[in-house]
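Take a look at the structure set out below.
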Amino acid sequence: MGTPWDRAAAGYVEQWMPRFIPYHSDLIRELTLREGNRVLVTSSGPGAEVLGVARAVGESGAVRATDKSSAMVRYCAEQVRKAGFGTAISCEEADASNTAGGPWDAILCSFGLWQYDDRDKVLCAWRGALEPTGKIGVITFGPPEEDDPYEILNHALRAVAPEIASPDTRIQSERGVMAKMFEEAGLEMVRHTVVHHTISFRTTEEFIKAIREGCTWRRVSGELTDDQFQRVVVRFYAALGGPDAPLTFNAPATVAIACHPGANVELEARPSLRPPGAPTSRPSLSSFPVPRDGKP
Ligand SMILES: C[S@@+](CC[C@H](N)C(=O)[O-])C[C@H]1O[C@@H](n2cnc3c(N)ncnc32)[C@H](O)[C@@H]1O
């Protein structure tokens, strides 16, 4: 019967996958993978992050990429074949809770977590398949910022059709919420970093076209009448200078790393906050502005 992502796969590969690659690099860097690591990549979609993981773990490592959508798995297998890595990589159709082949040094999930209705069950399955010093790394969009076009579109949708803009589909990526989510699954969150990358579209109209290719808005626009959809879009264009205005924004995403509670896991070292020449004694926090995570 297939999943909604089977129908969205071609548009996703064309419109979104290239725009998400900088975020994949952030997640892979933060996760500090090592040569020889064995990694499960869940909800791997067309597999751009799978190639990054394979590069990081090298020929002595192993990668199992899974996704529920058979169309996505086909794209992923094709990319892996073309890349010609010596790493052992398998691409399989499977639910995110399927951890066969573990225990894993790392379990990675890029822009998949908020797709799962049963997030708790999936996280518990991941915990059960993690090596004692293994890490779970996820990246997810948000926290929302007011000038972000997704938020502007959500505002327009809430104004036109509040019954369809159900608030519980929004991604909850704030530090406290994510820490609690991991804790409830018996895990400890050891890093929470907000990163930004520039996403550009030639026009706002092209953004709307691309967003309708994605799965969430494909569903939403399918539930709206044509008239409602037009009213949402008109509000959106009015907020952003019209359908022909170019659109560039700095989209926030959150990288979160979790592990077994108290595990001594390796994480990427961050540059020191101490400016050159400053005294070696610990300065008071008020001496410098505290940087936003991920923005040194
Ligand atoms: C936004 S795409 C992300 C794809 C890829 N990870 C990336 O970063 O480009 C979300 C993916 O999650 C997959 N997905 C949704 N629910 C799933 C589930 N329960 N188990 C496995 N995959 C799922 C979809 O098929 C889709 O490929």
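Residue numbering restarts at 1 in every chain; chains get A, B, ... in the order shown in the structure tokens, and ligands count up from 1 in that same order.
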key: Cut-off 7 Å, only C-alpha atoms and all ligand atoms, neighbours of ligand 1 as a PyMOL selection string   = chain A and resi 5+17+20+24+42-49+66-69+72+94-97+109-112+115-116
query = Which neighbours of Thr203 of chain A fall inside 12 Å, counting only C-alpha atoms, when residues of the same chain fewer than 3 positions from it are skipped, and could you give them as a ChimeraX atom specification?
reply = /A:199-200,206-210,237,240-248
inquiry  = Write out as a PyMOL selection string the set of residues from segment 22-266 of chain A that DSSP, computed on the backbone, places in strand (DSSP E or B).
reply    = chain A and resi 38-42+62-67+88-93+104-110+130-141+188-201+247-259
query = Which residue out of A:Ala179, A:Val50, A:Ala129, A:Ile139 has the minimum interatomic distance to Ala83 of chain A when only C-alpha atoms are used?
reply =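 Between A:Ala179, A:Val50, A:Ala129, A:Ile139, the residue approaching Ala83 of chain A most closely is A:Val50.
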Which residues come within 8 Å of Arg38 of chain A, counting only C-alpha atoms, excluding same-chain residues fewer than 5 positions away, as a PDB file with C-alpha atoms, in the first residue's frame?
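File written: selection_5.pdb
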ATOM      1  CA  VAL A  57      33.334   5.282   9.814  1.00  0.00           C
ATOM      2  CA  GLY A  61      32.921   0.469   9.812  1.00  0.00           C
ATOM      3  CA  ALA A  62      29.389  -0.649   9.012  1.00  0.00           C
ATOM      4  CA  VAL A  63      26.166   1.238   8.315  1.00  0.00           C
ATOM      5  CA  TRP A 104      25.283  -0.039  17.718  1.00  0.00           C
ATOM      6  CA  ASP A 105      28.007   2.520  18.449  1.00  0.00           C
ATOM      7  CA  ALA A 106      25.619   5.172  17.224  1.00  0.00           C
TER       8      ALA A 106
END
All helix (DSSP H, G or I) positions in segment 154-208 of chain A, as an mmCIF file with N, CA and C atoms, in the first residue's frame:
data_model
loop_
_atom_site.group_PDB
_atom_site.id
_atom_site.type_symbol
_atom_site.label_atom_id
_atom_site.label_comp_id
_atom_site.auth_asym_id
_atom_site.auth_seq_id
_atom_site.Cartn_x
_atom_site.Cartn_y
_atom_site.Cartn_z
ATOM 1 N N ASN A 154 2.577 28.744 9.067
ATOM 2 C CA ASN A 154 1.734 28.169 10.130
ATOM 3 C C ASN A 154 0.741 29.193 10.679
ATOM 4 N N HIS A 155 1.213 30.453 10.837
ATOM 5 C CA HIS A 155 0.309 31.520 11.308
ATOM 6 C C HIS A 155 -0.849 31.681 10.313
ATOM 7 N N ALA A 156 -0.494 31.702 9.017
ATOM 8 C CA ALA A 156 -1.526 31.881 7.976
ATOM 9 C C ALA A 156 -2.505 30.716 8.026
ATOM 10 N N LEU A 157 -1.986 29.506 8.219
ATOM 11 C CA LEU A 157 -2.854 28.327 8.266
ATOM 12 C C LEU A 157 -3.774 28.391 9.490
ATOM 13 N N ARG A 158 -3.190 28.806 10.618
ATOM 14 C CA ARG A 158 -4.013 28.885 11.848
ATOM 15 C C ARG A 158 -5.125 29.917 11.690
ATOM 16 N N ALA A 159 -4.821 31.007 10.942
ATOM 17 C CA ALA A 159 -5.838 32.044 10.749
ATOM 18 C C ALA A 159 -6.956 31.540 9.832
ATOM 19 N N VAL A 160 -6.603 30.768 8.821
ATOM 20 C CA VAL A 160 -7.603 30.353 7.816
ATOM 21 C C VAL A 160 -8.318 29.067 8.233
ATOM 22 N N PRO A 167 -1.968 21.980 16.797
ATOM 23 C CA PRO A 167 -0.702 22.405 17.395
ATOM 24 C C PRO A 167 0.215 21.241 17.746
ATOM 25 N N ASP A 168 -0.366 20.025 17.936
ATOM 26 C CA ASP A 168 0.515 18.947 18.370
ATOM 27 C C ASP A 168 1.370 18.358 17.251
ATOM 28 N N THR A 169 1.207 18.856 16.020
ATOM 29 C CA THR A 169 2.116 18.378 14.974
ATOM 30 C C THR A 169 3.389 19.226 14.961
ATOM 31 N N ARG A 175 15.262 22.711 24.658
ATOM 32 C CA ARG A 175 16.168 21.891 25.474
ATOM 33 C C ARG A 175 15.425 21.065 26.530
ATOM 34 N N GLY A 176 14.553 21.724 27.316
ATOM 35 C CA GLY A 176 13.881 21.029 28.416
ATOM 36 C C GLY A 176 12.987 19.905 27.909
ATOM 37 N N VAL A 177 12.278 20.178 26.822
ATOM 38 C CA VAL A 177 11.345 19.187 26.276
ATOM 39 C C VAL A 177 12.115 17.965 25.768
ATOM 40 N N MET A 178 13.222 18.231 25.097
ATOM 41 C CA MET A 178 13.983 17.103 24.540
ATOM 42 C C MET A 178 14.656 16.305 25.656
ATOM 43 N N ALA A 179 15.178 17.009 26.675
ATOM 44 C CA ALA A 179 15.828 16.300 27.799
ATOM 45 C C ALA A 179 14.818 15.363 28.460
ATOM 46 N N LYS A 180 13.588 15.865 28.638
ATOM 47 C CA LYS A 180 12.537 15.063 29.281
ATOM 48 C C LYS A 180 12.166 13.857 28.410
ATOM 49 N N MET A 181 12.078 14.110 27.116
ATOM 50 C CA MET A 181 11.726 13.019 26.189
ATOM 51 C C MET A 181 12.752 11.878 26.283
ATOM 52 N N PHE A 182 14.038 12.235 26.307
ATOM 53 C CA PHE A 182 15.074 11.196 26.412
ATOM 54 C C PHE A 182 15.020 10.530 27.795
ATOM 55 N N GLU A 183 14.834 11.343 28.820
ATOM 56 C CA GLU A 183 14.807 10.803 30.189
ATOM 57 C C GLU A 183 13.678 9.772 30.327
ATOM 58 N N GLU A 184 12.533 10.080 29.745
ATOM 59 C CA GLU A 184 11.394 9.152 29.851
ATOM 60 C C GLU A 184 11.670 7.827 29.139
ATOM 61 N N THR A 204 9.183 33.344 -3.419
ATOM 62 C CA THR A 204 8.330 32.736 -2.380
ATOM 63 C C THR A 204 7.391 31.708 -3.007
ATOM 64 N N GLU A 205 7.012 31.936 -4.262
ATOM 65 C CA GLU A 205 6.135 30.988 -4.951
ATOM 66 C C GLU A 205 6.840 29.625 -5.089
ATOM 67 N N GLU A 206 8.157 29.666 -5.362
ATOM 68 C CA GLU A 206 8.895 28.398 -5.482
ATOM 69 C C GLU A 206 8.980 27.690 -4.128
ATOM 70 N N PHE A 207 9.057 28.475 -3.065
ATOM 71 C CA PHE A 207 9.057 27.867 -1.725
ATOM 72 C C PHE A 207 7.742 27.104 -1.497
ATOM 73 N N ILE A 208 6.641 27.756 -1.853
ATOM 74 C CA ILE A 208 5.327 27.112 -1.667
ATOM 75 C C ILE A 208 5.238 25.831 -2.500
#
task = Can you work out which one of A:Asn37, A:Asn98, A:Thr87, A:Thr216 has the shortest atom-to-atom distance to Trp114 of chain A, counting only C-alpha atoms?
result =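 That would be A:Thr216, the residue with the smallest distance to Trp114 of chain A.
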inquiry  = Residues within 9 Å of Ala185 of chain A, please, as a list in words. Count only C-alpha atoms; anything in the same chain fewer than 5 positions from it doesn't count.
reply    =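 Listed by chain and then number, they are Asp120, Lys121, Val122, Leu123, Cys124, Ala125, Arg127 and Lys180 of chain A.
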Restricting it to C-alpha atoms, dump the selection as an mmCIF file, in the first residue's frame.
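part39.cif, freshly written:
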data_model
loop_
_atom_site.group_PDB
_atom_site.id
_atom_site.type_symbol
_atom_site.label_atom_id
_atom_site.label_comp_id
_atom_site.auth_asym_id
_atom_site.auth_seq_id
_atom_site.Cartn_x
_atom_site.Cartn_y
_atom_site.Cartn_z
ATOM 1 C CA ASP A 120 8.693 6.848 23.173
ATOM 2 C CA LYS A 121 8.593 3.282 21.923
ATOM 3 C CA VAL A 122 11.160 4.050 19.231
ATOM 4 C CA LEU A 123 13.526 5.739 21.711
ATOM 5 C CA CYS A 124 13.245 2.782 24.119
ATOM 6 C CA ALA A 125 14.089 0.401 21.259
ATOM 7 C CA ARG A 127 18.290 2.504 24.047
ATOM 8 C CA LYS A 180 12.537 15.063 29.281
#
Residue nearest His197 of chain A - candidates A:Phe141, A:Trp217, A:Tyr23, A:Tyr150, atoms counted: only C-alpha atoms = A:Tyr23
